[in-house]
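S.K.: Please find model18.tsv (TSV, C-alpha atoms) on the next line:
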chain	number	residue	atom	x	y	z
A	1	MET	CA	0.00	0.00	0.00
A	2	HIS	CA	2.87	2.33	0.89
A	3	ASP	CA	4.67	1.73	-2.43
A	4	GLU	CA	1.42	2.04	-4.37
A	5	LEU	CA	0.63	5.44	-2.82
A	6	ILE	CA	4.13	6.79	-3.56
A	7	ARG	CA	3.90	5.48	-7.12
A	8	SER	CA	0.50	7.13	-7.52
A	9	PHE	CA	1.93	10.43	-6.34
A	10	PHE	CA	4.78	10.03	-8.82
A	11	TYR	CA	2.33	9.53	-11.70
A	12	ILE	CA	0.12	12.42	-10.59
A	13	PHE	CA	2.74	15.08	-9.92
A	14	SER	CA	5.39	14.12	-12.48
A	15	GLY	CA	2.75	13.50	-15.12
A	16	GLY	CA	0.94	16.64	-13.97
A	17	ALA	CA	4.09	18.74	-14.39
A	18	ALA	CA	4.52	17.46	-17.95
A	19	ILE	CA	0.91	17.93	-19.06
A	20	ALA	CA	0.63	21.28	-17.24
A	21	SER	CA	3.63	22.54	-19.25
A	22	VAL	CA	1.81	21.59	-22.46
A	23	ALA	CA	-1.36	23.29	-21.19
A	24	LEU	CA	0.50	26.52	-20.45
A	25	PHE	CA	2.07	26.58	-23.93
A	26	ALA	CA	-1.43	26.02	-25.32
A	27	ARG	CA	-2.72	28.82	-23.03
A	28	GLN	CA	-5.16	26.57	-21.22
A	29	PRO	CA	-6.21	26.48	-17.52
A	30	LEU	CA	-4.24	23.96	-15.49
A	31	LEU	CA	-7.26	22.30	-13.93
A	32	VAL	CA	-8.19	21.00	-17.39
A	33	ALA	CA	-4.75	19.38	-17.54
A	34	TYR	CA	-5.28	17.66	-14.17
A	35	ILE	CA	-8.69	16.32	-15.22
A	36	LEU	CA	-7.28	15.08	-18.53
A	37	LEU	CA	-4.37	13.39	-16.75
A	38	GLY	CA	-6.81	11.60	-14.44
A	39	ALA	CA	-8.82	10.35	-17.41
A	40	ILE	CA	-5.65	9.07	-19.12
A	41	LEU	CA	-4.03	7.39	-16.10
A	42	GLY	CA	-7.20	6.28	-14.29
A	43	PRO	CA	-9.06	2.97	-14.45
A	44	TYR	CA	-10.93	3.93	-17.65
A	45	GLY	CA	-7.69	4.92	-19.40
A	46	LEU	CA	-4.27	3.31	-19.01
A	47	ALA	CA	-5.21	2.01	-15.54
A	48	LEU	CA	-1.83	2.98	-14.08
A	49	ILE	CA	-3.71	4.19	-10.99
A	50	THR	CA	-6.64	2.06	-9.86
A	51	ASP	CA	-7.18	3.09	-6.23
A	52	THR	CA	-8.75	6.43	-7.11
A	53	ASP	CA	-10.99	6.43	-4.02
A	54	LEU	CA	-8.00	7.06	-1.74
A	55	ILE	CA	-6.73	9.84	-4.02
A	56	GLY	CA	-10.22	11.34	-4.06
A	57	GLN	CA	-10.47	11.28	-0.25
A	58	ILE	CA	-7.10	12.98	0.11
A	59	GLY	CA	-8.01	15.46	-2.62
A	60	GLY	CA	-11.24	16.28	-0.79
A	61	ILE	CA	-9.08	18.19	1.70
A	62	GLY	CA	-8.40	20.58	-1.16
A	63	ILE	CA	-12.10	21.48	-1.29
A	64	VAL	CA	-11.95	22.26	2.43
A	65	PHE	CA	-9.01	24.64	1.91
A	66	LEU	CA	-10.59	26.08	-1.24
A	67	LEU	CA	-13.72	27.10	0.67
A	68	PHE	CA	-11.65	28.36	3.60
A	69	LEU	CA	-9.66	30.66	1.30
A	70	LEU	CA	-12.85	31.68	-0.49
A	71	GLY	CA	-14.24	32.75	2.88
A	72	LEU	CA	-11.04	34.67	3.63
A	73	ASP	CA	-11.52	36.70	0.43
A	74	MET	CA	-15.14	37.60	1.15
A	75	GLN	CA	-14.62	40.84	2.97
A	76	PRO	CA	-17.94	42.43	4.00
A	77	GLN	CA	-16.72	45.89	2.96
A	78	ALA	CA	-15.88	44.75	-0.57
A	79	LEU	CA	-19.19	42.96	-0.89
A	80	LEU	CA	-21.20	46.00	0.18
A	81	ARG	CA	-19.30	48.27	-2.21
A	82	VAL	CA	-20.21	46.31	-5.32
A	83	LEU	CA	-23.56	44.97	-4.14
A	84	LYS	CA	-25.64	47.74	-5.70
A	85	LYS	CA	-23.82	47.48	-9.00
A	86	VAL	CA	-23.88	43.77	-9.69
A	87	THR	CA	-26.56	42.05	-7.61
A	88	HIS	CA	-29.38	42.28	-10.12
A	89	ILE	CA	-27.05	41.40	-13.03
A	90	THR	CA	-25.78	38.31	-11.20
A	91	PHE	CA	-29.19	37.04	-10.14
A	92	ILE	CA	-30.89	37.66	-13.49
A	93	SER	CA	-28.05	36.12	-15.50
A	94	SER	CA	-27.74	33.11	-13.19
A	95	PHE	CA	-31.49	32.45	-13.43
A	96	LEU	CA	-31.41	32.67	-17.23
A	97	PHE	CA	-28.38	30.37	-17.50
A	98	ALA	CA	-30.04	27.82	-15.21
A	99	ALA	CA	-33.28	27.99	-17.20
A	100	VAL	CA	-31.47	27.46	-20.50
A	101	GLY	CA	-29.40	24.61	-19.07
A	102	PHE	CA	-32.55	22.97	-17.70
A	103	SER	CA	-34.34	23.32	-21.04
A	104	VAL	CA	-31.49	21.88	-23.10
A	105	ALA	CA	-31.13	18.94	-20.68
A	106	LYS	CA	-34.86	18.21	-20.98
A	107	LEU	CA	-34.57	18.27	-24.77
A	108	PHE	CA	-32.06	15.43	-24.48
A	109	ASP	CA	-34.41	13.40	-22.23
A	110	TYR	CA	-32.73	13.90	-18.87
A	111	ASN	CA	-35.24	13.61	-16.04
A	112	THR	CA	-36.44	16.65	-14.12
A	113	THR	CA	-34.10	16.26	-11.12
A	114	GLU	CA	-31.06	15.76	-13.33
A	115	SER	CA	-32.09	18.70	-15.51
A	116	VAL	CA	-32.38	20.91	-12.41
A	117	PHE	CA	-28.81	20.13	-11.35
A	118	ILE	CA	-27.53	20.47	-14.90
A	119	GLY	CA	-29.19	23.90	-14.87
A	120	PHE	CA	-27.55	24.74	-11.53
A	121	ALA	CA	-24.16	23.81	-12.99
A	122	MET	CA	-24.63	26.30	-15.84
A	123	MET	CA	-25.26	29.29	-13.53
A	124	PHE	CA	-21.70	30.30	-12.73
A	125	SER	CA	-18.54	31.50	-14.49
A	126	SER	CA	-15.01	30.45	-13.60
A	127	THR	CA	-13.27	32.58	-10.97
A	128	ILE	CA	-9.96	30.88	-11.76
A	129	ILE	CA	-10.08	31.54	-15.52
A	130	GLY	CA	-11.69	34.96	-15.22
A	131	ILE	CA	-9.08	36.29	-12.80
A	132	LYS	CA	-6.05	34.57	-14.36
A	133	LEU	CA	-6.80	36.03	-17.80
A	134	LEU	CA	-7.50	39.53	-16.47
A	135	PRO	CA	-4.51	41.95	-16.52
A	136	THR	CA	-3.38	42.94	-13.04
A	137	THR	CA	-3.91	46.63	-13.83
A	138	ALA	CA	-7.57	45.97	-14.66
A	139	LEU	CA	-7.94	43.70	-11.67
A	140	HIS	CA	-6.84	46.30	-9.16
A	141	HIS	CA	-7.32	49.72	-10.71
A	142	LYS	CA	-10.08	49.68	-13.33
A	143	HIS	CA	-13.86	49.73	-13.31
A	144	SER	CA	-13.99	46.54	-15.39
A	145	GLY	CA	-11.97	44.68	-12.77
A	146	GLU	CA	-14.27	45.90	-10.00
A	147	LEU	CA	-17.36	44.74	-11.90
A	148	MET	CA	-15.89	41.32	-12.67
A	149	ILE	CA	-14.76	40.72	-9.09
A	150	GLY	CA	-18.16	41.81	-7.79
A	151	MET	CA	-20.06	39.51	-10.14
A	152	LEU	CA	-17.79	36.56	-9.40
A	153	LEU	CA	-18.11	37.25	-5.68
A	154	MET	CA	-21.92	37.20	-5.88
A	155	GLN	CA	-21.77	34.02	-7.96
A	156	ASP	CA	-19.58	32.46	-5.28
A	157	PHE	CA	-22.30	33.15	-2.72
A	158	LEU	CA	-24.93	31.55	-4.96
A	159	ALA	CA	-22.66	28.55	-5.55
A	160	ILE	CA	-22.11	28.14	-1.82
A	161	ALA	CA	-25.89	28.17	-1.34
A	162	VAL	CA	-26.31	25.41	-3.93
A	163	LEU	CA	-23.50	23.36	-2.38
A	164	LEU	CA	-25.01	23.86	1.08
A	165	VAL	CA	-28.31	22.39	-0.13
A	166	LEU	CA	-26.49	19.52	-1.81
A	167	ILE	CA	-24.42	18.72	1.26
A	168	SER	CA	-27.15	19.21	3.85
A	169	GLY	CA	-30.34	17.79	2.39
A	170	ASP	CA	-31.09	14.37	0.90
A	171	LEU	CA	-33.36	15.78	-1.78
A	172	SER	CA	-33.56	12.48	-3.66
A	173	VAL	CA	-36.03	11.14	-1.11
A	174	GLY	CA	-37.57	14.47	-0.16
A	175	ASN	CA	-35.91	14.51	3.24
A	176	ILE	CA	-35.44	18.16	4.23
A	177	LEU	CA	-34.73	17.51	7.92
A	178	PRO	CA	-30.94	17.72	7.48
A	179	LEU	CA	-31.38	21.03	5.68
A	180	GLY	CA	-33.58	22.32	8.50
A	181	ARG	CA	-30.95	21.29	11.03
A	182	THR	CA	-28.38	23.15	8.97
A	183	LEU	CA	-30.43	26.36	9.08
A	184	ILE	CA	-30.57	26.12	12.88
A	185	THR	CA	-26.97	25.02	13.53
A	186	LEU	CA	-25.28	27.29	11.00
A	187	PRO	CA	-25.98	30.61	12.80
A	188	LEU	CA	-24.67	29.12	16.05
A	189	LEU	CA	-21.48	28.03	14.30
A	190	ILE	CA	-21.02	31.46	12.68
A	191	GLY	CA	-21.55	33.29	15.98
A	192	GLY	CA	-19.18	30.98	17.84
A	193	CYS	CA	-16.49	31.44	15.18
A	194	PHE	CA	-16.62	35.22	15.35
A	195	VAL	CA	-16.37	35.12	19.15
A	196	LEU	CA	-13.38	32.76	19.04
A	197	VAL	CA	-11.63	34.84	16.39
A	198	LYS	CA	-12.05	38.05	18.39
A	199	HIS	CA	-11.07	36.70	21.81
A	200	LEU	CA	-8.69	33.85	20.99
A	201	LEU	CA	-7.26	33.74	17.48
A	202	LEU	CA	-6.54	37.43	16.88
A	203	PRO	CA	-4.65	37.86	20.20
A	204	LEU	CA	-2.55	34.81	19.32
A	205	PHE	CA	-1.88	36.01	15.79
A	206	ILE	CA	-0.95	39.50	17.00
A	207	ARG	CA	1.40	38.16	19.68
A	208	PHE	CA	3.24	35.64	17.46
A	209	ASP	CA	2.73	37.07	13.97
A	210	ARG	CA	6.47	37.13	13.26
A	211	ILE	CA	6.73	33.35	13.55
A	212	SER	CA	5.42	32.33	10.13
A	213	GLU	CA	5.47	28.63	10.99
A	214	TYR	CA	3.13	29.28	13.91
A	215	VAL	CA	0.80	31.44	11.80
A	216	PHE	CA	0.62	28.65	9.22
A	217	LEU	CA	-0.02	26.01	11.90
A	218	LEU	CA	-2.66	28.05	13.72
A	219	ALA	CA	-4.51	28.92	10.50
A	220	THR	CA	-4.48	25.31	9.31
A	221	GLY	CA	-5.59	24.06	12.71
A	222	TRP	CA	-8.39	26.65	12.79
A	223	CYS	CA	-9.61	25.66	9.32
A	224	LEU	CA	-9.58	21.90	9.95
A	225	GLY	CA	-10.78	22.27	13.56
A	226	ILE	CA	-13.91	24.25	12.64
A	227	SER	CA	-14.46	21.87	9.71
A	228	GLU	CA	-14.52	18.91	12.09
A	229	ILE	CA	-16.78	20.72	14.58
A	230	ALA	CA	-19.20	21.49	11.74
A	231	HIS	CA	-19.14	17.83	10.70
A	232	LEU	CA	-19.87	16.67	14.26
A	233	ALA	CA	-22.70	19.23	14.47
A	234	GLY	CA	-24.41	17.66	11.47
A	235	LEU	CA	-23.23	20.18	8.89
A	236	SER	CA	-20.31	19.46	6.59
A	237	ARG	CA	-16.59	20.00	6.72
A	238	GLU	CA	-16.83	22.23	3.64
A	239	ILE	CA	-19.37	24.53	5.27
A	240	GLY	CA	-17.27	24.67	8.42
A	241	ALA	CA	-14.20	25.70	6.45
A	242	PHE	CA	-16.14	28.43	4.64
A	243	VAL	CA	-17.45	29.84	7.94
A	244	ALA	CA	-13.96	29.66	9.46
A	245	GLY	CA	-12.64	31.72	6.56
A	246	ILE	CA	-15.38	34.37	6.74
A	247	ALA	CA	-14.78	34.79	10.48
A	248	LEU	CA	-11.13	35.65	9.75
A	249	ALA	CA	-11.79	37.76	6.64
A	250	THR	CA	-11.91	41.09	8.45
A	251	SER	CA	-8.69	40.51	10.38
A	252	PRO	CA	-5.54	42.31	9.21
A	253	ILE	CA	-3.70	39.02	8.86
A	254	ALA	CA	-6.26	37.40	6.53
A	255	GLN	CA	-4.32	37.99	3.32
A	256	ILE	CA	-1.08	36.72	4.87
A	257	ILE	CA	-2.88	33.52	5.85
A	258	ALA	CA	-4.33	33.21	2.35
A	259	LEU	CA	-0.88	33.48	0.77
A	260	GLN	CA	0.59	30.88	3.12
A	261	LEU	CA	-2.20	28.35	2.58
A	262	LYS	CA	-2.51	28.62	-1.21
A	263	PRO	CA	0.33	26.14	-1.93
A	264	LEU	CA	-1.29	23.63	0.44
A	265	ARG	CA	-4.65	24.16	-1.22
A	266	ASP	CA	-3.11	23.72	-4.67
A	267	PHE	CA	-1.44	20.46	-3.64
A	268	PHE	CA	-4.72	18.89	-2.59
A	269	LEU	CA	-6.73	20.42	-5.45
A	270	ILE	CA	-4.40	18.77	-7.95
A	271	LEU	CA	-5.32	15.45	-6.33
A	272	PHE	CA	-9.01	16.36	-6.32
A	273	PHE	CA	-9.19	17.30	-10.00
A	274	PHE	CA	-7.08	14.26	-10.89
A	275	SER	CA	-9.52	12.00	-9.04
A	276	LEU	CA	-12.41	13.75	-10.79
A	277	GLY	CA	-10.85	13.03	-14.15
A	278	SER	CA	-10.03	9.44	-13.19
A	279	GLY	CA	-13.74	8.84	-12.67
A	280	PHE	CA	-14.49	10.06	-16.19
A	281	ASN	CA	-15.50	6.96	-18.14
A	282	LEU	CA	-14.10	7.47	-21.62
A	283	ALA	CA	-16.53	4.85	-22.93
A	284	LEU	CA	-19.40	7.25	-22.21
A	285	ILE	CA	-18.09	9.99	-24.49
A	286	SER	CA	-20.16	8.76	-27.44
A	287	ALA	CA	-23.30	8.82	-25.27
A	288	ILE	CA	-22.82	12.38	-23.99
A	289	ALA	CA	-20.98	13.95	-26.94
A	290	LEU	CA	-24.03	15.43	-28.69
A	291	PRO	CA	-25.72	16.93	-25.60
A	292	ALA	CA	-22.35	18.13	-24.25
A	293	ILE	CA	-21.47	19.92	-27.51
A	294	ALA	CA	-24.98	21.35	-27.83
A	295	LEU	CA	-25.08	22.62	-24.24
A	296	ALA	CA	-21.51	23.95	-24.29
A	297	THR	CA	-22.14	25.79	-27.57
A	298	THR	CA	-25.34	27.26	-26.17
A	299	MET	CA	-23.55	28.52	-23.06
A	300	LEU	CA	-20.62	29.94	-25.03
A	301	VAL	CA	-23.08	31.91	-27.17
A	302	ILE	CA	-25.66	33.12	-24.65
A	303	LYS	CA	-23.38	33.95	-21.70
A	304	PRO	CA	-21.50	36.79	-23.42
A	305	TRP	CA	-24.73	38.05	-25.02
A	306	ILE	CA	-26.71	38.08	-21.75
A	307	TYR	CA	-23.87	39.69	-19.78
A	308	HIS	CA	-23.48	42.29	-22.53
A	309	HIS	CA	-27.20	43.09	-22.58
A	310	LEU	CA	-27.44	43.41	-18.79
A	311	LEU	CA	-24.32	45.56	-18.50
A	312	ARG	CA	-25.49	47.83	-21.31
A	313	SER	CA	-28.80	48.26	-19.49
A	314	GLN	CA	-26.73	49.64	-16.61
A	315	SER	CA	-25.16	52.26	-18.93
A	316	GLU	CA	-21.82	50.48	-19.26
A	317	SER	CA	-19.97	51.01	-22.55
A	318	ASP	CA	-20.42	48.57	-25.41
A	319	SER	CA	-16.75	47.55	-25.46
A	320	LEU	CA	-16.61	46.97	-21.70
A	321	ALA	CA	-19.83	44.94	-21.77
A	322	TRP	CA	-18.51	42.63	-24.50
A	323	ASP	CA	-15.12	42.37	-22.76
A	324	ILE	CA	-16.65	41.21	-19.46
A	325	GLY	CA	-19.21	39.04	-21.26
A	326	PHE	CA	-16.58	37.01	-23.09
A	327	ARG	CA	-14.30	36.81	-20.05
A	328	LEU	CA	-17.19	35.25	-18.10
A	329	GLY	CA	-18.41	33.13	-21.00
A	330	GLN	CA	-17.42	29.74	-19.59
A	331	ASN	CA	-18.76	27.45	-16.88
A	332	SER	CA	-17.28	27.42	-13.39
A	333	GLU	CA	-15.12	25.01	-11.45
A	334	PHE	CA	-18.10	25.00	-9.08
A	335	SER	CA	-20.01	23.07	-11.75
A	336	LEU	CA	-17.52	20.23	-11.24
A	337	LEU	CA	-18.20	20.31	-7.50
A	338	ILE	CA	-21.94	20.26	-8.14
A	339	ALA	CA	-21.55	17.23	-10.42
A	340	TYR	CA	-19.31	15.50	-7.86
A	341	LEU	CA	-21.62	16.09	-4.87
A	342	ALA	CA	-24.89	15.49	-6.73
A	343	PHE	CA	-23.60	12.16	-8.07
A	344	ASN	CA	-22.25	11.06	-4.69
A	345	ASN	CA	-25.61	11.91	-3.08
A	346	GLY	CA	-27.49	9.87	-5.68
A	347	LEU	CA	-29.27	12.89	-7.14
A	348	ILE	CA	-27.98	12.42	-10.70
A	349	ASP	CA	-26.68	9.41	-12.60
A	350	THR	CA	-23.27	8.98	-14.18
A	351	TYR	CA	-24.45	10.25	-17.59
A	352	ALA	CA	-25.65	13.58	-16.14
A	353	SER	CA	-22.45	13.88	-14.09
A	354	HIS	CA	-20.28	13.26	-17.15
A	355	LEU	CA	-22.37	15.73	-19.15
A	356	ILE	CA	-21.72	18.51	-16.61
A	357	GLN	CA	-17.99	17.72	-16.58
A	358	GLY	CA	-17.83	17.56	-20.37
A	359	VAL	CA	-19.58	20.91	-20.81
A	360	ALA	CA	-17.27	22.52	-18.23
A	361	ILE	CA	-14.13	21.25	-20.00
A	362	ILE	CA	-15.35	22.35	-23.45
A	363	THR	CA	-16.26	25.84	-22.24
A	364	PHE	CA	-12.96	26.16	-20.33
A	365	LEU	CA	-11.00	25.38	-23.51
A	366	VAL	CA	-12.99	27.44	-26.01
A	367	SER	CA	-13.51	30.47	-23.75
A	368	SER	CA	-9.80	30.63	-22.89
A	369	TYR	CA	-8.89	30.69	-26.57
A	370	ILE	CA	-11.47	33.40	-27.30
A	371	VAL	CA	-10.01	35.63	-24.58
A	372	VAL	CA	-6.31	35.14	-25.34
A	373	PHE	CA	-6.85	35.77	-29.07
A	374	ASN	CA	-9.15	38.79	-28.76
A	375	PHE	CA	-8.78	40.57	-25.41
A	376	PRO	CA	-5.95	41.93	-23.26
A	377	SER	CA	-4.52	39.27	-20.96
A	378	PRO	CA	-1.17	38.24	-19.43
A	379	ILE	CA	-0.88	35.34	-21.93
A	380	ALA	CA	-2.42	36.95	-25.01
A	381	VAL	CA	-1.18	35.67	-28.39
A	382	SER	CA	-0.67	39.15	-29.83
A	383	ASP	CA	1.96	41.50	-28.37
A	384	ASN	CA	-0.58	44.32	-28.70
A	385	LEU	CA	-2.98	42.51	-26.37
A	386	ARG	CA	-0.47	41.21	-23.84
A	387	ARG	CA	-0.92	43.01	-20.52
A	388	ASP	CA	0.62	42.01	-17.19
Could I get this structure in the form of structure tokens?
M.R.:
Amino acid sequence: MHDELIRSFFYIFSGGAAIASVALFARQPLLVAYILLGAILGPYGLALITDTDLIGQIGGIGIVFLLFLLGLDMQPQALLRVLKKVTHITFISSFLFAAVGFSVAKLFDYNTTESVFIGFAMMFSSTIIGIKLLPTTALHHKHSGELMIGMLLMQDFLAIAVLLVLISGDLSVGNILPLGRTLITLPLLIGGCFVLVKHLLLPLFIRFDRISEYVFLLATGWCLGISEIAHLAGLSREIGAFVAGIALATSPIAQIIALQLKPLRDFFLILFFFSLGSGFNLALISAIALPAIALATTMLVIKPWIYHHLLRSQSESDSLAWDIGFRLGQNSEFSLLIAYLAFNNGLIDTYASHLIQGVAIITFLVSSYIVVFNFPSPIAVSDNLRRD
């Protein structure tokens, strides 16, 4: 078992380094490379790694850290500043994307429950791709960067709400008791976290902030500790991590913690996306190819158009509206989490899960190419469009 695990890590990280290099030259997001590597090396590909359950369990820690860092970035002040500008755009667009996704899924004979979750998976745009392909000057100093961050932030909240329902309620049998327990327990957890941060964590951080090893250890222990408390309280580890991050978001040390934990998050997320790809049954491609292409094409067309229309209705310029529309024209990494959790909870079958993953991968690839060939970005093809 020990040798097998080390060998698996060798395949994942050495193979990942090679395929990630190819992805970067091709100007593609790295998570697509990790998913592709999992499909190639997993049991449905070359079968070099067969114990994907263990890799998936280890990689699940990456989701915990991802939500913790997401919570750290959700500063109440930033949210309030952009709330008036982007709330109605985010909610209207997300509803329209979900409705279109639901309708296309029904056209291809997916049942109502599966179509609902396919629709949910279409609601969001990728934070990773959107931010990575946005020049730093626009990200920090321009109106377009402020709008994009605000919209992605609101989408993150919607995605967390969907994930909360998925994690907390067994909707396949109509059992809403776990969800009701979540709505009661969650405020208690949030209140307790804010009290602990104010009276325990912040004094410790302030006293020993120069010892980076201790800051790293305390932040990691806080994240995993609250995650476990949430799990024992009948919530989920992911929700606990998100709450733990929000409770620390207003502290002056939040961004330092985020920088220290990002490499740890990336390590586990590589394993998570690899395990996701390893569960992709290549034999099902022929069965999902037509609906995946149809749905991906629909999303790639309507997302920029809807964003453009809504931004223009808010008196934004035509060029800015198209720029943001195309930058947000893909599906989100959250759609992969929705597919993963919905399938594990028995809410959708393997065909619907593979459809969501396939649509996400197609939109990641095509949208990235559209942006790097036509809009300013750090990895633009043209020297005239390359902006750091």
S.K.: When distances are computed from all atoms listed in the file, which of A:Gly38, A:Pro135, A:Pro252, A:Gly191 shows the smallest separation from Gly279 (chain A)?
M.R.: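 For Gly279 (chain A), the nearest of the given residues is A:Gly38.
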S.K.: May I have the residues within 8 Å of Ile324 (chain A) as a PyMOL selection string, using only C-alpha atoms and disregarding those fewer than 3 positions away in the same chain?
M.R.: chain A and resi 144+148+304+307-308+320-321+327-328
S.K.: My list of candidates is A:Phe25, A:Tyr110, A:Phe205, A:Phe102. Which is closest to Ala352 (chain A) when distances are computed with all atoms listed in the file?
M.R.: A:Tyr110
S.K.: Please indicate the distance in Å from CA of Leu218 (chain A) to CA of Cys193 (chain A), rounded to one decimal place.
M.R.: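 One can read the CA of Leu218 (chain A) to CA of Cys193 (chain A) distance as 14.3 Å.
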S.K.: Just want the 12 Å neighbourhood of Ser332 (chain A), counted on all atoms listed in the file, with same-chain residues fewer than 4 positions away dropped. Output as a JSON list (two decimals) with C-alpha atoms, in the frame of the given file.
M.R.:
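The resulting around.json:
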[["chain", "number", "residue", "atom", "x", "y", "z"],
["A", 29, "PRO", "CA", -6.21, 26.48, -17.52],
["A", 31, "LEU", "CA", -7.26, 22.30, -13.93],
["A", 32, "VAL", "CA", -8.19, 21.00, -17.39],
["A", 94, "SER", "CA", -27.74, 33.11, -13.19],
["A", 120, "PHE", "CA", -27.55, 24.74, -11.53],
["A", 121, "ALA", "CA", -24.16, 23.81, -12.99],
["A", 122, "MET", "CA", -24.63, 26.30, -15.84],
["A", 123, "MET", "CA", -25.26, 29.29, -13.53],
["A", 124, "PHE", "CA", -21.70, 30.30, -12.73],
["A", 125, "SER", "CA", -18.54, 31.50, -14.49],
["A", 126, "SER", "CA", -15.01, 30.45, -13.60],
["A", 127, "THR", "CA", -13.27, 32.58, -10.97],
["A", 128, "ILE", "CA", -9.96, 30.88, -11.76],
["A", 129, "ILE", "CA", -10.08, 31.54, -15.52],
["A", 130, "GLY", "CA", -11.69, 34.96, -15.22],
["A", 152, "LEU", "CA", -17.79, 36.56, -9.40],
["A", 155, "GLN", "CA", -21.77, 34.02, -7.96],
["A", 156, "ASP", "CA", -19.58, 32.46, -5.28],
["A", 159, "ALA", "CA", -22.66, 28.55, -5.55],
["A", 299, "MET", "CA", -23.55, 28.52, -23.06],
["A", 327, "ARG", "CA", -14.30, 36.81, -20.05],
["A", 328, "LEU", "CA", -17.19, 35.25, -18.10],
["A", 336, "LEU", "CA", -17.52, 20.23, -11.24],
["A", 337, "LEU", "CA", -18.20, 20.31, -7.50],
["A", 338, "ILE", "CA", -21.94, 20.26, -8.14],
["A", 339, "ALA", "CA", -21.55, 17.23, -10.42],
["A", 356, "ILE", "CA", -21.72, 18.51, -16.61],
["A", 357, "GLN", "CA", -17.99, 17.72, -16.58],
["A", 359, "VAL", "CA", -19.58, 20.91, -20.81],
["A", 360, "ALA", "CA", -17.27, 22.52, -18.23],
["A", 361, "ILE", "CA", -14.13, 21.25, -20.00],
["A", 362, "ILE", "CA", -15.35, 22.35, -23.45],
["A", 363, "THR", "CA", -16.26, 25.84, -22.24],
["A", 364, "PHE", "CA", -12.96, 26.16, -20.33],
["A", 367, "SER", "CA", -13.51, 30.47, -23.75]]
S.K.: Go through A:Lys132, A:Lys262, A:Lys303, A:Lys84 and flag the residue nearest Leu66 (chain A), using all atoms listed in the file for the distances.
M.R.: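 Residue with the minimum atom-to-atom distance to Leu66 (chain A): A:Lys262.
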S.K.: Would you mind reading off the distance between CA of Gln330 (chain A) and CA of Phe272 (chain A), one decimal, in Å?
M.R.: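 Taking CA of Gln330 (chain A) and CA of Phe272 (chain A), their separation equals 20.6 Å.
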S.K.: Using the incomplete input, complete region 199-212 of chain A to the level of N, CA and C atoms; output as a CSV table (one decimal), keeping the file's coordinate frame.
M.R.:
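What ended up in rebuild-v2.csv:
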chain,number,residue,atom,x,y,z
A,199,HIS,N,-11.6,36.8,20.5
A,199,HIS,CA,-11.1,36.7,21.8
A,199,HIS,C,-9.9,35.7,21.9
A,200,LEU,N,-9.7,34.9,20.9
A,200,LEU,CA,-8.7,33.8,21.0
A,200,LEU,C,-7.7,33.9,19.8
A,201,LEU,N,-8.2,33.8,18.6
A,201,LEU,CA,-7.3,33.7,17.5
A,201,LEU,C,-6.5,35.0,17.2
A,202,LEU,N,-7.2,36.2,17.2
A,202,LEU,CA,-6.5,37.4,16.9
A,202,LEU,C,-5.5,37.8,17.9
A,203,PRO,N,-5.7,37.6,19.2
A,203,PRO,CA,-4.6,37.9,20.2
A,203,PRO,C,-3.4,37.0,20.0
A,204,LEU,N,-3.7,35.7,19.6
A,204,LEU,CA,-2.6,34.8,19.3
A,204,LEU,C,-1.8,35.2,18.1
A,205,PHE,N,-2.5,35.6,17.0
A,205,PHE,CA,-1.9,36.0,15.8
A,205,PHE,C,-1.1,37.3,16.0
A,206,ILE,N,-1.6,38.2,16.8
A,206,ILE,CA,-1.0,39.5,17.0
A,206,ILE,C,0.3,39.3,17.8
A,207,ARG,N,0.3,38.4,18.8
A,207,ARG,CA,1.4,38.2,19.7
A,207,ARG,C,2.5,37.4,19.0
A,208,PHE,N,2.2,36.5,18.1
A,208,PHE,CA,3.2,35.6,17.5
A,208,PHE,C,3.3,35.8,15.9
A,209,ASP,N,2.9,36.9,15.4
A,209,ASP,CA,2.7,37.1,14.0
A,209,ASP,C,4.1,37.0,13.2
A,210,ARG,N,5.2,37.2,13.9
A,210,ARG,CA,6.5,37.1,13.3
A,210,ARG,C,7.0,35.7,13.1
A,211,ILE,N,6.3,34.8,13.7
A,211,ILE,CA,6.7,33.4,13.6
A,211,ILE,C,5.8,32.7,12.5
A,212,SER,N,6.3,32.7,11.2
A,212,SER,CA,5.4,32.3,10.1
A,212,SER,C,5.0,30.9,10.3
